>>> print(open('coords_38.txt').read())   # compact mmCIF, C-alpha atoms
# COMPACT_ATOMS: atom_id res chain seq x y z
CA MET A 1 19.33 -18.32 41.58
CA LYS A 2 18.02 -21.36 43.52
CA ASN A 3 16.58 -24.33 41.65
CA ILE A 4 12.94 -23.77 40.82
CA THR A 5 10.51 -26.46 41.99
CA ARG A 6 8.19 -27.84 39.29
CA ARG A 7 4.63 -26.71 39.82
CA HIS A 8 1.55 -27.58 37.77
CA PHE A 9 -0.99 -24.79 37.46
CA LEU A 10 -4.48 -26.13 36.89
CA LEU A 11 -6.22 -24.07 34.27
CA GLY A 12 -9.73 -24.31 32.93
CA ALA A 13 -10.22 -25.53 29.39
CA ALA A 14 -11.09 -22.08 28.13
CA SER A 15 -7.92 -20.43 29.38
CA LEU A 16 -5.90 -23.46 28.33
CA ALA A 17 -6.94 -22.93 24.75
CA ILE A 18 -5.50 -19.43 24.85
CA THR A 19 -2.46 -19.49 27.08
CA GLY A 20 -1.32 -23.08 27.43
CA ILE A 21 -0.09 -24.69 30.65
CA TYR A 22 2.26 -22.70 32.88
CA ILE A 23 4.95 -25.05 34.26
CA LEU A 24 8.11 -23.90 35.96
CA SER A 25 11.27 -25.71 34.95
CA ASP A 26 13.46 -27.42 37.56
CA ALA A 27 16.53 -27.15 35.35
CA LYS A 28 19.56 -25.62 37.03
CA ASN A 29 20.88 -22.10 36.41
CA LEU A 30 17.82 -20.85 34.55
CA ALA A 31 17.23 -17.14 34.99
CA TYR A 32 13.53 -17.22 34.19
CA PRO A 33 10.53 -19.56 34.41
CA ILE A 34 9.79 -21.62 31.30
CA LEU A 35 6.45 -22.35 29.72
CA GLU A 36 6.32 -25.93 28.51
CA LYS A 37 4.39 -26.71 25.35
CA PRO A 38 1.03 -28.44 25.70
CA ASP A 39 0.30 -31.55 23.69
CA SER A 40 -0.17 -30.27 20.14
CA GLN A 41 -2.60 -33.13 19.49
CA LEU A 42 -5.05 -31.59 21.92
CA LEU A 43 -5.14 -28.05 20.59
CA LYS A 44 -5.36 -26.52 17.15
CA PRO A 45 -2.53 -24.22 16.05
CA ILE A 46 -3.19 -20.55 16.70
CA ASP A 47 -4.31 -18.67 13.59
CA CYS A 48 -1.87 -15.76 13.39
CA ASP A 49 0.42 -13.74 11.13
CA LEU A 50 3.49 -13.55 13.37
CA ILE A 51 4.84 -15.49 16.33
CA ILE A 52 7.48 -13.96 18.59
CA GLU A 53 9.25 -16.98 20.11
CA ASN A 54 11.56 -17.72 23.05
CA ALA A 55 11.01 -14.27 24.59
CA TYR A 56 11.30 -13.16 28.18
CA ILE A 57 7.79 -11.75 28.36
CA ILE A 58 7.08 -8.86 30.72
CA ASP A 59 3.36 -8.34 30.20
CA GLY A 60 2.96 -4.83 31.66
CA SER A 61 0.99 -5.90 34.74
CA GLY A 62 3.94 -5.64 37.14
CA ASN A 63 4.03 -9.42 37.56
CA SER A 64 7.20 -11.44 37.09
CA GLY A 65 8.32 -12.17 33.57
CA PHE A 66 8.43 -15.63 31.99
CA ILE A 67 9.81 -17.37 28.95
CA GLY A 68 7.17 -17.86 26.27
CA SER A 69 5.78 -16.87 22.90
CA LEU A 70 3.35 -14.28 21.61
CA ALA A 71 1.13 -14.42 18.52
CA ILE A 72 -0.17 -11.49 16.46
CA LYS A 73 -3.08 -11.54 14.02
CA GLY A 74 -3.75 -8.31 12.17
CA ASP A 75 -3.49 -5.51 14.74
CA GLU A 76 -4.21 -7.67 17.81
CA ILE A 77 -2.49 -10.08 20.13
CA VAL A 78 -4.19 -13.48 19.91
CA ALA A 79 -2.09 -15.65 22.24
CA VAL A 80 0.54 -15.28 24.94
CA GLY A 81 2.48 -18.03 26.67
CA SER A 82 2.71 -21.54 25.26
CA PHE A 83 0.50 -22.67 22.41
CA PRO A 84 0.58 -24.85 19.27
CA LYS A 85 2.23 -22.78 16.55
CA SER A 86 1.05 -22.51 12.99
CA ARG A 87 3.76 -23.46 10.51
CA PHE A 88 2.44 -20.82 8.13
CA ALA A 89 3.01 -17.85 10.46
CA GLU A 90 6.13 -15.69 10.24
CA LYS A 91 8.49 -16.33 13.15
CA PHE A 92 10.77 -14.00 15.10
CA ASP A 93 13.24 -15.56 17.52
CA ALA A 94 13.49 -13.28 20.58
CA LYS A 95 15.80 -15.52 22.57
CA GLY A 96 17.53 -13.48 25.27
CA MET A 97 15.30 -10.46 24.62
CA VAL A 98 12.69 -8.77 26.77
CA VAL A 99 9.33 -8.48 25.02
CA CYS A 100 6.82 -6.09 26.57
CA PRO A 101 4.04 -3.66 25.61
CA GLY A 102 4.98 -0.47 23.80
CA PHE A 103 5.53 2.40 26.20
CA ILE A 104 2.73 4.93 26.79
CA ASP A 105 3.95 8.50 27.22
CA ILE A 106 1.12 10.38 28.91
CA HIS A 107 2.78 13.81 29.00
CA THR A 108 3.90 15.20 25.65
CA HIS A 109 3.63 18.33 23.54
CA THR A 110 4.01 16.56 20.20
CA GLU A 111 0.42 16.63 18.91
CA ASN A 112 1.13 19.21 16.18
CA TYR A 113 4.22 17.35 15.00
CA ILE A 114 2.33 14.06 14.83
CA HIS A 115 -0.61 15.73 13.09
CA SER A 116 1.76 17.03 10.41
CA GLY A 117 2.80 13.46 9.57
CA GLY A 118 6.30 13.97 10.92
CA ASN A 119 8.84 11.16 10.99
CA PRO A 120 8.21 9.22 14.23
CA VAL A 121 11.59 7.51 14.49
CA MET A 122 12.80 9.41 17.58
CA ILE A 123 9.64 8.30 19.43
CA LEU A 124 9.60 4.69 18.24
CA ALA A 125 13.33 4.27 18.88
CA GLN A 126 12.56 4.80 22.58
CA GLY A 127 9.97 2.03 22.52
CA VAL A 128 7.11 4.55 22.78
CA THR A 129 4.05 3.58 20.74
CA THR A 130 1.39 5.87 22.28
CA GLN A 131 1.56 9.52 23.30
CA ILE A 132 -0.96 11.80 25.02
CA GLY A 133 -0.76 15.44 23.91
CA GLY A 134 -2.59 18.60 24.89
CA ASN A 135 -0.77 18.95 28.20
CA CYS A 136 -0.10 22.00 30.39
CA GLY A 137 -3.22 23.78 29.17
CA THR A 138 -2.35 24.01 25.47
CA SER A 139 -4.19 21.74 23.05
CA PRO A 140 -5.89 21.82 19.65
CA PHE A 141 -9.02 23.96 19.78
CA SER A 142 -11.19 21.03 18.68
CA THR A 143 -10.52 17.41 19.61
CA LYS A 144 -13.09 16.26 17.05
CA GLU A 145 -11.56 18.25 14.20
CA TYR A 146 -8.04 17.21 15.17
CA PHE A 147 -8.83 13.53 14.86
CA ALA A 148 -10.98 14.01 11.77
CA SER A 149 -8.12 15.75 9.96
CA LEU A 150 -5.41 13.22 10.85
CA GLY A 151 -3.66 11.62 7.92
CA ASP A 152 -1.10 8.86 8.22
CA ILE A 153 0.64 9.13 11.58
CA GLY A 154 3.64 7.33 12.97
CA VAL A 155 2.51 6.70 16.57
CA ASN A 156 -0.79 6.44 18.41
CA ILE A 157 -2.00 9.80 19.70
CA GLY A 158 -4.56 10.85 22.29
CA LEU A 159 -5.40 14.30 23.65
CA LEU A 160 -6.23 16.23 26.77
CA SER A 161 -8.26 19.41 26.38
CA GLY A 162 -6.23 22.43 27.42
CA TYR A 163 -7.55 25.22 29.65
CA LYS A 164 -5.61 27.87 27.73
CA SER A 165 -7.27 26.82 24.48
CA ILE A 166 -10.75 26.72 26.02
CA ARG A 167 -10.21 30.10 27.67
CA TYR A 168 -9.18 31.64 24.35
CA LEU A 169 -12.27 30.31 22.57
CA VAL A 170 -14.52 31.79 25.28
CA MET A 171 -12.69 34.98 26.22
CA GLY A 172 -10.97 35.78 22.93
CA GLY A 173 -8.49 38.63 23.14
CA GLN A 174 -9.24 39.17 26.83
CA ARG A 175 -6.13 37.31 27.88
CA SER A 176 -5.78 38.66 31.41
CA GLY A 177 -8.34 38.86 34.18
CA ILE A 178 -10.62 36.48 36.02
CA ALA A 179 -13.38 34.78 34.05
CA SER A 180 -16.95 35.81 34.85
CA PRO A 181 -19.54 33.24 35.95
CA ARG A 182 -21.05 33.39 32.45
CA GLN A 183 -17.66 32.75 30.88
CA VAL A 184 -17.00 29.85 33.22
CA SER A 185 -20.35 28.37 32.20
CA GLN A 186 -19.36 28.70 28.53
CA MET A 187 -16.03 27.03 29.28
CA GLN A 188 -17.86 24.15 30.94
CA LYS A 189 -19.95 23.66 27.82
CA LYS A 190 -16.91 23.68 25.56
CA LEU A 191 -15.07 21.29 27.85
CA ALA A 192 -18.02 18.90 27.75
CA GLU A 193 -17.83 18.93 23.94
CA GLU A 194 -14.15 18.07 24.03
CA LEU A 195 -14.66 15.23 26.50
CA SER A 196 -17.53 13.90 24.40
CA ALA A 197 -15.17 13.86 21.41
CA GLY A 198 -12.73 11.59 23.24
CA ALA A 199 -10.40 13.93 25.15
CA PHE A 200 -8.99 12.26 28.25
CA GLY A 201 -9.62 15.22 30.52
CA LEU A 202 -8.65 18.80 31.27
CA SER A 203 -5.04 19.99 31.40
CA VAL A 204 -3.81 23.22 32.96
CA GLY A 205 -0.52 25.08 33.11
CA LEU A 206 -1.20 27.37 36.04
CA GLU A 207 2.36 28.70 36.12
CA TYR A 208 1.90 30.26 32.68
CA TYR A 209 0.18 33.44 31.49
CA PRO A 210 -2.80 33.78 31.10
CA GLN A 211 -3.67 30.51 32.84
CA ASN A 212 -2.40 31.96 36.10
CA PHE A 213 -5.63 34.00 36.22
CA ALA A 214 -7.70 30.84 36.70
CA THR A 215 -9.08 30.76 40.25
CA THR A 216 -9.41 27.64 42.37
CA ASP A 217 -13.20 28.04 42.33
CA GLU A 218 -13.19 28.25 38.54
CA LEU A 219 -11.10 25.09 38.28
CA ILE A 220 -13.46 23.32 40.65
CA GLU A 221 -16.40 24.18 38.38
CA LEU A 222 -14.55 22.88 35.33
CA CYS A 223 -13.47 19.73 37.13
CA LYS A 224 -17.08 18.96 37.99
CA VAL A 225 -17.60 18.51 34.25
CA VAL A 226 -14.47 16.37 33.99
CA LYS A 227 -15.81 14.17 36.79
CA ASP A 228 -19.15 13.80 35.00
CA TYR A 229 -17.29 12.35 32.02
CA ASN A 230 -15.01 10.19 34.16
CA GLY A 231 -11.95 12.05 32.87
CA LEU A 232 -8.94 13.39 34.71
CA TYR A 233 -7.47 16.73 35.70
CA ALA A 234 -3.81 17.00 34.68
CA THR A 235 -2.17 19.91 36.43
CA HIS A 236 1.08 21.75 35.97
CA LEU A 237 1.02 23.45 39.37
CA ARG A 238 1.00 27.21 39.95
CA SER A 239 4.50 26.89 41.32
CA GLU A 240 7.11 24.16 41.11
CA SER A 241 9.55 26.10 43.23
CA ASP A 242 9.10 28.55 46.11
CA ASP A 243 5.34 28.06 46.52
CA LEU A 244 5.38 24.36 45.68
CA LEU A 245 3.65 23.10 48.82
CA GLU A 246 0.81 25.60 48.56
CA ALA A 247 0.40 24.87 44.84
CA PHE A 248 0.16 21.16 45.48
CA GLU A 249 -2.38 21.77 48.24
CA GLU A 250 -4.58 23.50 45.65
CA ALA A 251 -4.49 20.43 43.41
CA VAL A 252 -5.45 18.22 46.37
CA THR A 253 -8.29 20.59 47.30
CA ILE A 254 -9.70 20.41 43.77
CA GLY A 255 -9.59 16.62 43.98
CA GLN A 256 -11.29 16.63 47.36
CA LYS A 257 -14.12 18.96 46.34
CA THR A 258 -14.92 17.30 43.01
CA SER A 259 -13.75 13.67 43.38
CA VAL A 260 -12.06 14.11 40.00
CA GLN A 261 -8.98 12.06 39.15
CA VAL A 262 -5.93 14.28 39.61
CA GLN A 263 -2.73 13.81 37.60
CA TYR A 264 0.15 15.82 39.06
CA SER A 265 2.25 16.59 35.99
CA HIS A 266 6.07 16.28 35.87
CA THR A 267 6.44 16.37 39.62
CA LYS A 268 9.55 18.18 40.85
CA ALA A 269 10.95 20.75 43.29
CA SER A 270 12.83 23.34 41.25
CA PHE A 271 16.05 25.00 42.38
CA VAL A 272 18.41 23.97 45.16
CA ARG A 273 16.69 26.12 47.74
CA ASN A 274 13.52 24.02 47.34
CA TRP A 275 14.95 20.53 47.07
CA GLU A 276 14.35 19.78 50.74
CA LYS A 277 10.60 20.26 50.17
CA TYR A 278 10.29 17.34 47.80
CA PRO A 279 10.10 14.47 50.32
CA ARG A 280 7.29 16.43 51.95
CA VAL A 281 5.49 16.65 48.57
CA LEU A 282 5.65 12.88 48.18
CA ASP A 283 4.35 12.45 51.72
CA MET A 284 1.47 14.79 50.89
CA LEU A 285 0.79 12.76 47.75
CA SER A 286 0.50 9.57 49.80
CA GLN A 287 -1.62 11.26 52.45
CA ALA A 288 -3.99 12.66 49.84
CA LYS A 289 -4.44 9.20 48.35
CA SER A 290 -5.04 7.69 51.79
CA SER A 291 -7.68 10.34 52.52
CA GLY A 292 -9.65 9.40 49.41
CA VAL A 293 -8.30 11.75 46.74
CA ASP A 294 -7.86 9.89 43.45
CA ILE A 295 -4.38 11.18 42.64
CA THR A 296 -1.24 10.04 40.84
CA ALA A 297 1.81 11.79 39.40
CA ASP A 298 4.36 11.46 36.62
CA THR A 299 8.03 12.32 36.28
CA TYR A 300 10.87 12.32 33.75
CA TYR A 301 14.48 11.25 34.27
CA TYR A 302 16.51 14.46 33.83
CA THR A 303 17.96 16.94 36.31
CA PHE A 304 17.23 19.94 34.09
CA SER A 305 13.89 21.17 32.77
CA GLY A 306 12.78 23.27 29.84
CA TRP A 307 13.31 26.34 32.02
CA ASP A 308 17.01 25.44 32.27
CA ILE A 309 17.65 25.13 28.53
CA GLY A 310 19.73 28.08 27.42
CA THR A 311 21.44 28.68 30.75
CA GLN A 312 25.23 28.82 30.63
CA PRO A 313 26.56 26.70 32.14
CA LEU A 314 23.57 24.37 32.09
CA ARG A 315 21.57 24.77 35.30
CA HIS A 316 20.51 21.54 36.98
CA SER A 317 17.44 22.77 38.82
CA ILE A 318 16.19 19.28 39.79
CA SER A 319 17.77 17.02 42.39
CA GLU A 320 18.82 13.56 41.19
CA GLU A 321 18.05 12.17 44.64
CA ASN A 322 14.54 13.58 44.40
CA ILE A 323 14.06 12.01 40.98
CA GLU A 324 14.96 8.63 42.44
CA LEU A 325 12.51 9.18 45.31
CA ALA A 326 9.80 9.86 42.74
CA ILE A 327 10.68 6.86 40.59
CA ILE A 328 10.22 4.38 43.43
CA HIS A 329 7.00 5.97 44.73
CA ASP A 330 3.97 3.79 44.09
CA LEU A 331 1.82 6.71 42.93
CA VAL A 332 4.34 8.01 40.38
CA PHE A 333 4.85 6.71 36.87
CA PHE A 334 6.62 8.11 33.82
CA GLY A 335 6.08 10.83 31.22
CA SER A 336 8.58 12.73 29.09
CA ASP A 337 7.20 16.30 28.89
CA SER A 338 8.70 16.20 25.40
CA GLY A 339 8.11 18.55 22.48
CA LEU A 340 9.08 18.35 18.83
CA LYS A 341 9.41 21.18 16.34
CA SER A 342 9.30 21.10 12.55
CA GLY A 343 11.66 18.52 11.13
CA GLY A 344 11.66 16.57 14.37
CA ARG A 345 13.95 19.00 16.18
CA ALA A 346 14.00 19.00 19.98
CA THR A 347 15.48 21.48 22.43
CA HIS A 348 15.54 19.02 25.34
CA PRO A 349 17.02 15.49 25.08
CA ARG A 350 13.99 13.96 26.80
CA ALA A 351 12.18 13.98 23.44
CA TYR A 352 14.74 11.51 22.10
CA GLY A 353 15.94 9.68 25.19
CA ASN A 354 13.63 9.65 28.21
CA TYR A 355 12.53 6.00 28.18
CA PRO A 356 15.87 4.34 27.34
CA ARG A 357 17.38 6.59 30.01
CA ILE A 358 14.89 5.18 32.52
CA ILE A 359 15.68 1.57 31.53
CA LYS A 360 19.41 2.21 31.69
CA GLY A 361 19.11 4.04 35.01
CA ILE A 362 16.90 1.58 36.85
CA THR A 363 18.80 -1.50 35.66
CA GLY A 364 22.26 0.01 36.11
CA GLN A 365 21.56 1.31 39.59
CA LYS A 366 19.18 -1.51 40.56
CA ILE A 367 16.56 1.07 41.58
CA MET A 368 13.68 -1.36 40.99
CA PRO A 369 12.94 -4.59 39.13
CA LEU A 370 12.58 -4.18 35.39
CA GLU A 371 9.04 -5.57 35.59
CA LYS A 372 7.97 -2.71 37.86
CA ALA A 373 9.63 -0.07 35.69
CA ILE A 374 7.89 -1.44 32.60
CA TYR A 375 4.58 -1.45 34.49
CA LYS A 376 5.10 2.27 35.15
CA MET A 377 5.54 2.79 31.39
CA THR A 378 2.74 0.53 30.15
CA GLY A 379 0.01 -0.98 32.32
CA TYR A 380 -0.06 1.79 34.91
CA PRO A 381 -0.53 4.75 32.52
CA ALA A 382 -3.01 2.73 30.43
CA GLN A 383 -5.07 2.00 33.53
CA ARG A 384 -4.87 5.56 34.77
CA PHE A 385 -5.89 7.12 31.46
CA LYS A 386 -8.49 4.39 30.76
CA ILE A 387 -6.84 3.22 27.56
CA ALA A 388 -8.72 -0.04 27.42
CA ASN A 389 -6.87 -2.01 24.73
CA ARG A 390 -3.20 -1.11 25.25
CA GLY A 391 -0.54 -1.40 27.93
CA LEU A 392 -0.73 -5.17 28.50
CA LEU A 393 0.32 -8.27 26.59
CA LYS A 394 -2.76 -10.45 26.52
CA PRO A 395 -5.26 -11.64 23.91
CA LYS A 396 -7.52 -8.99 22.30
CA MET A 397 -5.13 -6.17 23.17
CA LYS A 398 -3.66 -4.05 20.40
CA ALA A 399 -0.35 -5.39 19.14
CA ASP A 400 1.86 -2.52 20.35
CA ILE A 401 4.94 -4.53 21.27
CA ILE A 402 8.67 -3.94 21.69
CA ALA A 403 11.66 -6.26 22.00
CA PHE A 404 15.12 -5.42 23.31
CA TYR A 405 18.22 -6.63 25.11
CA PRO A 406 18.20 -4.56 28.35
CA GLU A 407 21.98 -4.28 28.51
CA LYS A 408 22.08 -2.67 25.05
CA VAL A 409 19.48 0.05 25.68
CA LYS A 410 20.90 3.55 26.02
CA ASP A 411 20.02 7.16 25.39
CA LEU A 412 22.47 9.22 23.34
CA ALA A 413 20.73 12.61 23.29
CA THR A 414 22.41 15.26 25.44
CA PHE A 415 21.97 18.91 26.34
CA GLU A 416 24.62 19.78 23.74
CA ASN A 417 23.07 17.53 21.08
CA PRO A 418 19.45 16.72 21.95
CA ASN A 419 18.59 15.19 18.57
CA LEU A 420 20.48 11.89 18.73
CA LEU A 421 18.41 8.71 18.46
CA SER A 422 18.39 6.24 21.30
CA GLU A 423 19.76 2.76 20.75
CA GLY A 424 18.83 -0.74 21.82
CA ILE A 425 15.07 -0.97 21.25
CA SER A 426 15.68 -3.13 18.21
CA GLU A 427 12.13 -4.27 17.39
CA VAL A 428 8.84 -2.37 17.56
CA TRP A 429 5.41 -3.46 16.37
CA LEU A 430 2.73 -0.78 16.21
CA ASN A 431 -0.83 -2.00 15.74
CA GLY A 432 0.68 -5.21 14.44
CA LYS A 433 2.96 -3.51 11.91
CA TRP A 434 6.73 -4.00 12.18
CA VAL A 435 7.86 -0.37 12.36
CA ILE A 436 11.34 -0.82 13.86
CA LYS A 437 13.14 -3.88 12.52
CA ASN A 438 16.66 -4.77 13.60
CA GLY A 439 17.05 -1.23 14.91
CA GLN A 440 15.96 0.47 11.68
CA TYR A 441 12.75 2.37 10.98
CA THR A 442 10.80 0.61 8.22
CA GLY A 443 8.93 3.75 7.14
CA LEU A 444 5.48 2.43 8.03
CA MET A 445 3.06 5.01 9.45
CA ALA A 446 0.96 2.67 11.57
CA GLY A 447 -0.37 4.94 14.32
CA GLU A 448 -4.01 5.66 15.06
CA PRO A 449 -6.14 7.90 17.29
CA VAL A 450 -6.57 6.86 20.92
CA LEU A 451 -9.78 8.06 22.54
CA ARG A 452 -10.92 8.00 26.14
CA SER A 453 -12.87 4.77 26.63
>>> encode(input="coords_38.txt", output="structure tokens")
Amino acid sequence: MKNITRRHFLLGAASLAITGIYILSDAKNLAYPILEKPDSQLLKPIDCDLIIENAYIIDGSGNSGFIGSLAIKGDEIVAVGSFPKSRFAEKFDAKGMVVCPGFIDIHTHTENYIHSGGNPVMILAQGVTTQIGGNCGTSPFSTKEYFASLGDIGVNIGLLSGYKSIRYLVMGGQRSGIASPRQVSQMQKKLAEELSAGAFGLSVGLEYYPQNFATTDELIELCKVVKDYNGLYATHLRSESDDLLEAFEEAVTIGQKTSVQVQYSHTKASFVRNWEKYPRVLDMLSQAKSSGVDITADTYYYTFSGWDIGTQPLRHSISEENIELAIIHDLVFFGSDSGLKSGGRATHPRAYGNYPRIIKGITGQKIMPLEKAIYKMTGYPAQRFKIANRGLLKPKMKADIIAFYPEKVKDLATFENPNLLSEGISEVWLNGKWVIKNGQYTGLMAGEPVLRS
């Protein structure tokens, strides 16, 4: 790396009191910028409980990382950068480590497991501190009752409201058939209740029975309600294989007619015969965005899906090249599509390994800078889902923080043994509590509900 020229950034007194003075070092052979300490005579020490020192801070914004410190008080971040340090605060030396926000997994099916108070170690060991459940149309029947009945939980949890659940409450045992206008009106009312209770939006799984009976017009009427509440429409398309292009067009049409935010769930083109369609899907995604549709997508980092589990030999229905195309696309970020059964059992390794697998893949293959990958796991999903106080490292944000040596991060879960913990995310703070310490779960259940802001 070339020598870095010293630059003085002029900051106002208010920001100086929080972040210190950013000065780049001109020392040779330094990998990262350094934050020099301000004159401790000018500023009072930061009142905090813990200071993470000497870290390579990647703040979740997508900007370049820098060497600095981070202070935590209670469940919040109170300072980032360079600041006078209280001698009474606990210190953690993160020299050589990346420190970044906890990962936000916006596509999971773990809400029942978390509600049961299940051990969160397989989630935390990936660096994930927040999950969004209720995807693909299946959610708790009542968002309000779900959150009211939560006990101690091990990760932060938010919910989408699922179409299948709403349909059941309105139509009861009438599982098949198209909903009547009266039933659609009742579904709209129920959806409004769920959004008022803090659900992030409406999810659908249009490839599944009985959700496949939902018409485009019906979905448009429901998405009008979602738009009124500034939520989003998360769609598992009617087809991820032979009719993929037509199914994606439907999602775009719904976005066009309602101006609702569209989240294209676990984007893929299933089966070899459809792989050539995927670049076209990504082009359509970009074109929809350019035309004014508020649309993004998410993906996971495996070449086999839940549909492939149980095939012998294991069927790889997803193209690795297509996954890499998705990963680098500006409108695509990450989700795991993970589920957990009683006892923390998983049938797919993505529940135990998705995020370390991403870190290992993008760093090992140099697919993108680590800062951008972390943005797609933190700041980007937080912005998209309107999670106001997470996803970035800055004062007044919740202290969901992880620390790791990138070269040591790896996923161990496989198709043959999907329940092996990932390694390398050695430190995790959740709402200011130290839940993973030196690679070991401390037993603290520090999660809390996350509601749409």
>>> closest_residue(input="coords_38.txt", among="A:Lys410, A:Ile123, A:Glu427, A:Ile367", to="A:Gln440", atoms="only C-alpha atoms")
A:Glu427
>>> closest_atom_pairs(input="coords_38.txt", of="stretch 346-453 of chain A", to="stretch 54-59 of chain A", cutoff="7 Å", atoms="all atoms listed in the file", output="JSON lines")
{"residue": "A:Glu371", "atom": "CA", "partner": "A:Ile58", "partner_atom": "CA", "distance": 6.2}
{"residue": "A:Leu392", "atom": "CA", "partner": "A:Asp59", "partner_atom": "CA", "distance": 5.4}
{"residue": "A:Leu393", "atom": "CA", "partner": "A:Asp59", "partner_atom": "CA", "distance": 4.7}
>>> closest_residue(input="coords_38.txt", among="A:His266, A:Arg345, A:Lys95, A:Arg315", to="A:Pro418", atoms="all atoms listed in the file")
A:Arg345
>>> atom_distance(input="coords_38.txt", atom1="atom CA of A:Ala148", atom2="atom CA of A:Ala125")
27.1 Å
>>> atom_distance(input="coords_38.txt", atom1="atom CA of A:Val332", atom2="atom CA of A:Val260")
17.5 Å
>>> residues_around(input="coords_38.txt", residues="A:Lys341", least_positions_apart="5", cutoff="10 Å", atoms="all atoms listed in the file", output="ChimeraX atom specification")
/A:109-110,112-113,118,346-347
>>> residues_around(input="coords_38.txt", residues="A:Gly74", least_positions_apart="6", cutoff="12 Å", atoms="only C-alpha atoms", output="list in words")
Asp47, Cys48, Asp49, Leu50, Ile51, Ala89, Lys396, Met397, Lys398, Ala399, Asp400, Trp429, Leu430, Asn431, Gly432, Lys433, Trp434 and Ala446 of chain A
>>> build_atoms(input="coords_38.txt", residues="stretch 101-117 of chain A", atoms="N, CA and C atoms", output="short mmCIF file (atom, residue, chain, number, x, y, z; two decimals), in the coordinates of the input")
data_model
loop_
_atom_site.label_atom_id
_atom_site.label_comp_id
_atom_site.auth_asym_id
_atom_site.auth_seq_id
_atom_site.Cartn_x
_atom_site.Cartn_y
_atom_site.Cartn_z
N PRO A 101 4.87 -4.61 26.35
CA PRO A 101 4.04 -3.66 25.61
C PRO A 101 4.83 -2.42 25.22
N GLY A 102 4.41 -1.76 24.14
CA GLY A 102 4.98 -0.47 23.80
C GLY A 102 4.72 0.53 24.91
N PHE A 103 5.65 1.44 25.12
CA PHE A 103 5.53 2.40 26.20
C PHE A 103 4.47 3.45 25.87
N ILE A 104 3.78 3.91 26.92
CA ILE A 104 2.73 4.93 26.79
C ILE A 104 3.21 6.19 27.49
N ASP A 105 3.45 7.22 26.71
CA ASP A 105 3.95 8.50 27.22
C ASP A 105 2.77 9.44 27.40
N ILE A 106 2.36 9.63 28.65
CA ILE A 106 1.12 10.38 28.91
C ILE A 106 1.32 11.88 29.01
N HIS A 107 2.56 12.35 28.91
CA HIS A 107 2.78 13.81 29.00
C HIS A 107 3.71 14.26 27.88
N THR A 108 3.11 14.70 26.77
CA THR A 108 3.90 15.20 25.65
C THR A 108 3.27 16.49 25.10
N HIS A 109 4.07 17.14 24.27
CA HIS A 109 3.63 18.33 23.54
C HIS A 109 3.94 18.13 22.05
N THR A 110 3.64 16.94 21.56
CA THR A 110 4.01 16.56 20.20
C THR A 110 2.81 16.47 19.25
N GLU A 111 1.63 16.86 19.72
CA GLU A 111 0.42 16.63 18.91
C GLU A 111 0.47 17.33 17.55
N ASN A 112 1.05 18.52 17.48
CA ASN A 112 1.13 19.21 16.18
C ASN A 112 2.11 18.51 15.25
N TYR A 113 3.23 18.06 15.81
CA TYR A 113 4.22 17.35 15.00
C TYR A 113 3.63 16.05 14.45
N ILE A 114 2.94 15.30 15.29
CA ILE A 114 2.33 14.06 14.83
C ILE A 114 1.25 14.34 13.80
N HIS A 115 0.45 15.36 14.03
CA HIS A 115 -0.61 15.73 13.09
C HIS A 115 -0.05 16.07 11.71
N SER A 116 1.14 16.64 11.69
CA SER A 116 1.76 17.03 10.41
C SER A 116 2.31 15.83 9.64
N GLY A 117 2.25 14.64 10.23
CA GLY A 117 2.80 13.46 9.57
C GLY A 117 4.30 13.35 9.70
#
